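Note sheet for the following structure.
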Amino acid sequence: MKMILMALLALIIFVSPLDNGVGLTPPMGWNSWNKFGCMINEKLIMSTIDTIVSSGLAEAGYTYVNIDDCWQKSRDENGKIQPNPNSFPNGMKVMADYAHSKGLKFGLYSDAGYSTCCNLPGSLGYEEIDAKTYEEWGIDYLKYDNCNSDGSSPKIRYPVMRDALLKINRTIYYSMCEWGIEEPAKWGKEVANSWRNTGDIEDNWNSMLNIIDSNNYWAEYAGPGGWNDPDMLEVGNGGMTYEEYKVHFGLWSLVKAPLLIGCDITNMSEETFKILSNEEVIAVNQDPLGVQGKKLDSVDGKEVWGGPLANDSFVLMLLNRGESPADIEANFEKLGIKKGDYVVRDLWEKKDIGVFSESFKESVEPHSGILIKLSPK
Ligand code: GLA
C-alpha cells in the first residue's frame, strides 16, 4: 500500500506542470539574435526599447525585450556572471530598469552547459548563483540554450535551472532551447514555459516551412503555460517576400508560437510593421483557449491549417506552397468544424467576406496564404 502511495505521489510530482503563472498566452516581444547575432550593445537595446513603445508595438502586445547570446564576458571571483564591459558598460540592471521604466519586460540568455554556443560562460554548475543574479537585476525571461554541456540529458540539466528560478523572489518566463533533441514536447511542460522543437530558423521560405512542419508534429502537447517554440520570427529581415512573411507570421500566430520579433525595428519598413502589428492576427495567437492550430489538410502543396478559438470560432489558413496559383478549399465538416453558419473574415484585409456554412474556397497565389476567422453567425 505504502509503495503504491509513494508511486502515485512520484507520478503526481513528475507530471505536474511548471506552475509559475507566466506564459498563459504565448509570450510576445523582441530578441536580438536573428538580426544582430553578437553585434549587440547597450545603445541598440535602449533604442529598441524606445522603438517598441514609440512605434506602437508595445501597445500591440510586444512586451519582452530579450538579449540573446554574447552579452556575457566572464565570472568574477565569486562566480557571478559579468556582462561584457565594452558593449554593456552600465550592466544589465540598468537595461532591465530602463525596460521596466517603459512598461516593458526584460530577458536574458544563458546555456545549460559550460559555455554558450558563442563560447561565453554558461550556467552549468552556476544555476543558483545565476538565478539570484537574475533576481537582483530584475530579469523577466530566460532563454536557456544547450551548447557545450557535460553530455548528460537535457532532462537532467534543464530542471536544475527551473528549480533555481523557482527559489528566487521573482517570476521568470523559462524558455527551453534544446532544439528538439530529446522530444521536449513530451516532458517540457513540467520544466519550462516553452521548448524549441527544432534547430535554428533561417530567413527563407523553405526553412520556415520545414520548421513549422516539424513543430506541427507536437501540436497536442501545447497549452496555456507551456508552448511549442518553432523559433523566433524572421519577418523584416529581407529573405522572404511580403506574402511569404505574412504566411510566416500567420502560421506562427495560429500555432500559438512565441511571437519574438527578430528584425531591426528601429529601421523597419511599413510592410514589416503592418505584419507585426495586425491586431486581428495577434488576437489569434493570444486567444484565451490556447489551442495550437494544426495542419488539417494537405494535397500537393495545397494546405489548410487551423484550429479552434474561443467563442466557438475557428481560424483557418489556406496555404499555397506551390509555384502556381491554386484553388484551395476548406470543407468545414471534413475539418471537424461544428455545423452552422459562419461569418468569414479575412484577417489580413480586416474585412468580412460573407456567410458560409459548408465550405470556403478561394484561389491562392503561389507562396502565399489566406488567413480567415470563422465566427458563428
Ligand atoms: C543556438 C540557438 C539560437 C541562438 C544561438 C546563440 O544556436 O538555437 O537561437 O540562441 O544559439 O548562440
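Every chain in the C-alpha cells has a letter given in the order shown (A, B, ...), and although residue numbers restart at 1 in each chain, ligands are simply numbered from 1 in the order shown.
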
Inset, instruction - Using only C-alpha atoms and all ligand atoms, determine which residues fall within 6 Å of ligand 1, then list them as a ChimeraX atom specification. - result: /A:68-69,117-118,200

Legend entry - All alpha helix (DSSP H) positions in stretch 105-213 of chain A, as number ranges by chain: A: 127-137, 154-167, 188-191, 205-213

Inset, instruction - Write out as a PyMOL selection string all residues of stretch 161-341 of chain A that backbone DSSP assigns to strand (DSSP E or B). - result: chain A and resi 173-176+194-196+223+226-229+259-261+294-299+302-309+313-320+326-331

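In this comparison, which uses only C-alpha atoms, the residue of A:Glu329, A:Glu365, A:Asp264, A:Asp203 approaching A:Met240 most closely is A:Asp203.
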
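Residue nearest A:Val343, chosen from A:Pro376, A:Gly223, A:Gly23, A:Pro325 and counting only C-alpha atoms: A:Pro376.
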
Which residues of stretch 114-223 of chain A come within 12 Å of stretch 296-319 of chain A, and for each one, what is the closest pair of atoms and their distance in Å to one decimal, counting only C-alpha atoms, sorted by chain and residue number, as a Markdown table?
| residue | atom | partner | partner_atom | distance |
| --- | --- | --- | --- | --- |
| A:Leu209 | CA | A:Leu319 | CA | 10.9 |
| A:Ile212 | CA | A:Trp305 | CA | 11.0 |
| A:Asp213 | CA | A:Trp305 | CA | 10.8 |
| A:Asn216 | CA | A:Trp305 | CA | 10.0 |
| A:Tyr217 | CA | A:Leu296 | CA | 11.8 |
| A:Ala219 | CA | A:Gly307 | CA | 10.5 |
| A:Glu220 | CA | A:Gly307 | CA | 11.3 |

Legend entry - 10 Å contact set for A:Tyr174, only C-alpha atoms, chain neighbours under 6 positions out, as JSON, numbers by chain: {"A": [18, 20, 22, 23, 107, 140, 141, 142, 143, 144, 158, 161, 162, 165, 191, 192, 193, 194, 195, 226]}

Legend entry - stretch 273-277 of chain A environment, 8 Å, only C-alpha atoms, sequence neighbours closer than 2 positions dropped, as a ChimeraX atom specification: /A:56-57,60,235,245-246,249,261,268-271,279,282

Create the file for the chosen residues now, containing C-alpha atoms and written as a PDB file, in the first residue's frame.
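The resulting out.pdb:
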ATOM      1  CA  GLY A  56       3.014  51.076 -31.235  1.00  0.00           C
ATOM      2  CA  LEU A  57       4.403  47.537 -30.996  1.00  0.00           C
ATOM      3  CA  ALA A  60       0.046  45.698 -29.902  1.00  0.00           C
ATOM      4  CA  VAL A 235       9.743  38.949 -40.520  1.00  0.00           C
ATOM      5  CA  TYR A 245       6.332  36.840 -44.342  1.00  0.00           C
ATOM      6  CA  LYS A 246       2.553  37.075 -43.946  1.00  0.00           C
ATOM      7  CA  PHE A 249       3.562  35.382 -39.152  1.00  0.00           C
ATOM      8  CA  ILE A 261      10.362  39.771 -33.388  1.00  0.00           C
ATOM      9  CA  MET A 268      11.627  48.551 -40.146  1.00  0.00           C
ATOM     10  CA  SER A 269       9.599  49.139 -43.294  1.00  0.00           C
ATOM     11  CA  GLU A 270       5.920  49.976 -43.269  1.00  0.00           C
ATOM     12  CA  GLU A 271       5.166  46.481 -44.587  1.00  0.00           C
ATOM     13  CA  GLU A 279      -4.165  43.117 -34.092  1.00  0.00           C
ATOM     14  CA  ILE A 282      -2.177  38.739 -32.960  1.00  0.00           C
TER      15      ILE A 282
END

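Using only C-alpha atoms, the residues found no farther than 9 Å from A:Asp229, other than those of its own chain fewer than 3 positions away, are Ser175, Met176, Cys177, Ser194, Trp195, Arg196, Asn197, Thr198, Asn215, Met232, Lys256, Ala257 and Pro258 of chain A.
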
Write a file of the selected residues as an mmCIF file, in the first residue's frame, keeping C-alpha atoms.
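Output below, filename result24.cif:
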data_model
loop_
_atom_site.group_PDB
_atom_site.id
_atom_site.type_symbol
_atom_site.label_atom_id
_atom_site.label_comp_id
_atom_site.auth_asym_id
_atom_site.auth_seq_id
_atom_site.Cartn_x
_atom_site.Cartn_y
_atom_site.Cartn_z
ATOM 1 C CA SER A 175 12.301 29.228 -22.387
ATOM 2 C CA MET A 176 13.989 25.914 -23.031
ATOM 3 C CA CYS A 177 16.143 25.658 -26.150
ATOM 4 C CA SER A 194 8.124 26.790 -23.859
ATOM 5 C CA TRP A 195 10.505 24.490 -25.662
ATOM 6 C CA ARG A 196 12.170 24.664 -29.053
ATOM 7 C CA ASN A 197 11.445 21.613 -31.223
ATOM 8 C CA THR A 198 13.973 22.228 -33.988
ATOM 9 C CA ASN A 215 6.684 21.753 -34.879
ATOM 10 C CA MET A 232 11.885 33.356 -33.436
ATOM 11 C CA LYS A 256 0.397 29.635 -30.709
ATOM 12 C CA ALA A 257 4.132 30.146 -31.081
ATOM 13 C CA PRO A 258 6.018 32.707 -29.043
#

Inset, instruction - Pick out the closest residue to A:Trp187 from this set: A:Asn331, A:Gln82, A:Asn228, A:Ser359. Count only C-alpha atoms. - result: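 Result for the nearest residue to A:Trp187: A:Asn228.
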
Legend entry - Point-to-point distance from atom CA of A:Gln292 to atom CA of A:Trp252, Å rounded to tenths: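 About the pair atom CA of A:Gln292 and atom CA of A:Trp252: they are 9.7 Å apart.
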
Under the rule of at most 10 Å, produce a per-residue listing of stretch 96-178 of chain A near stretch 41-52 of chain A: chain, number, name, the closest pair of atoms, and the distance in Å, as CSV, using only C-alpha atoms.
residue,atom,partner,partner_atom,distance
A:Ala96,CA,A:Met46,CA,9.9
A:Tyr98,CA,A:Met46,CA,7.6
A:Ala99,CA,A:Ile49,CA,6.3
A:His100,CA,A:Ile49,CA,9.7
A:Lys102,CA,A:Ile49,CA,7.7
A:Gly103,CA,A:Ile49,CA,9.8
A:Leu104,CA,A:Ile49,CA,7.9
A:Lys105,CA,A:Ile49,CA,9.7
A:Phe106,CA,A:Ile49,CA,9.6

Inset, instruction - Take atom CA of A:Asp163 and atom CA of A:Asn78 and report the distance between them in Å, one decimal. - result: 21.0 Å

Legend entry - Nearest to A:Tyr64 by atom-to-atom distance, counting only C-alpha atoms, from A:Tyr114, A:Tyr126, A:Tyr173, A:Phe36: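 Smallest distance to A:Tyr64 is found for A:Tyr173.
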
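Proximity to A:Lys189 was assessed for A:Phe88, A:Tyr242, A:Trp71, A:Tyr221 counting only C-alpha atoms; the smallest distance is recorded for A:Tyr221.
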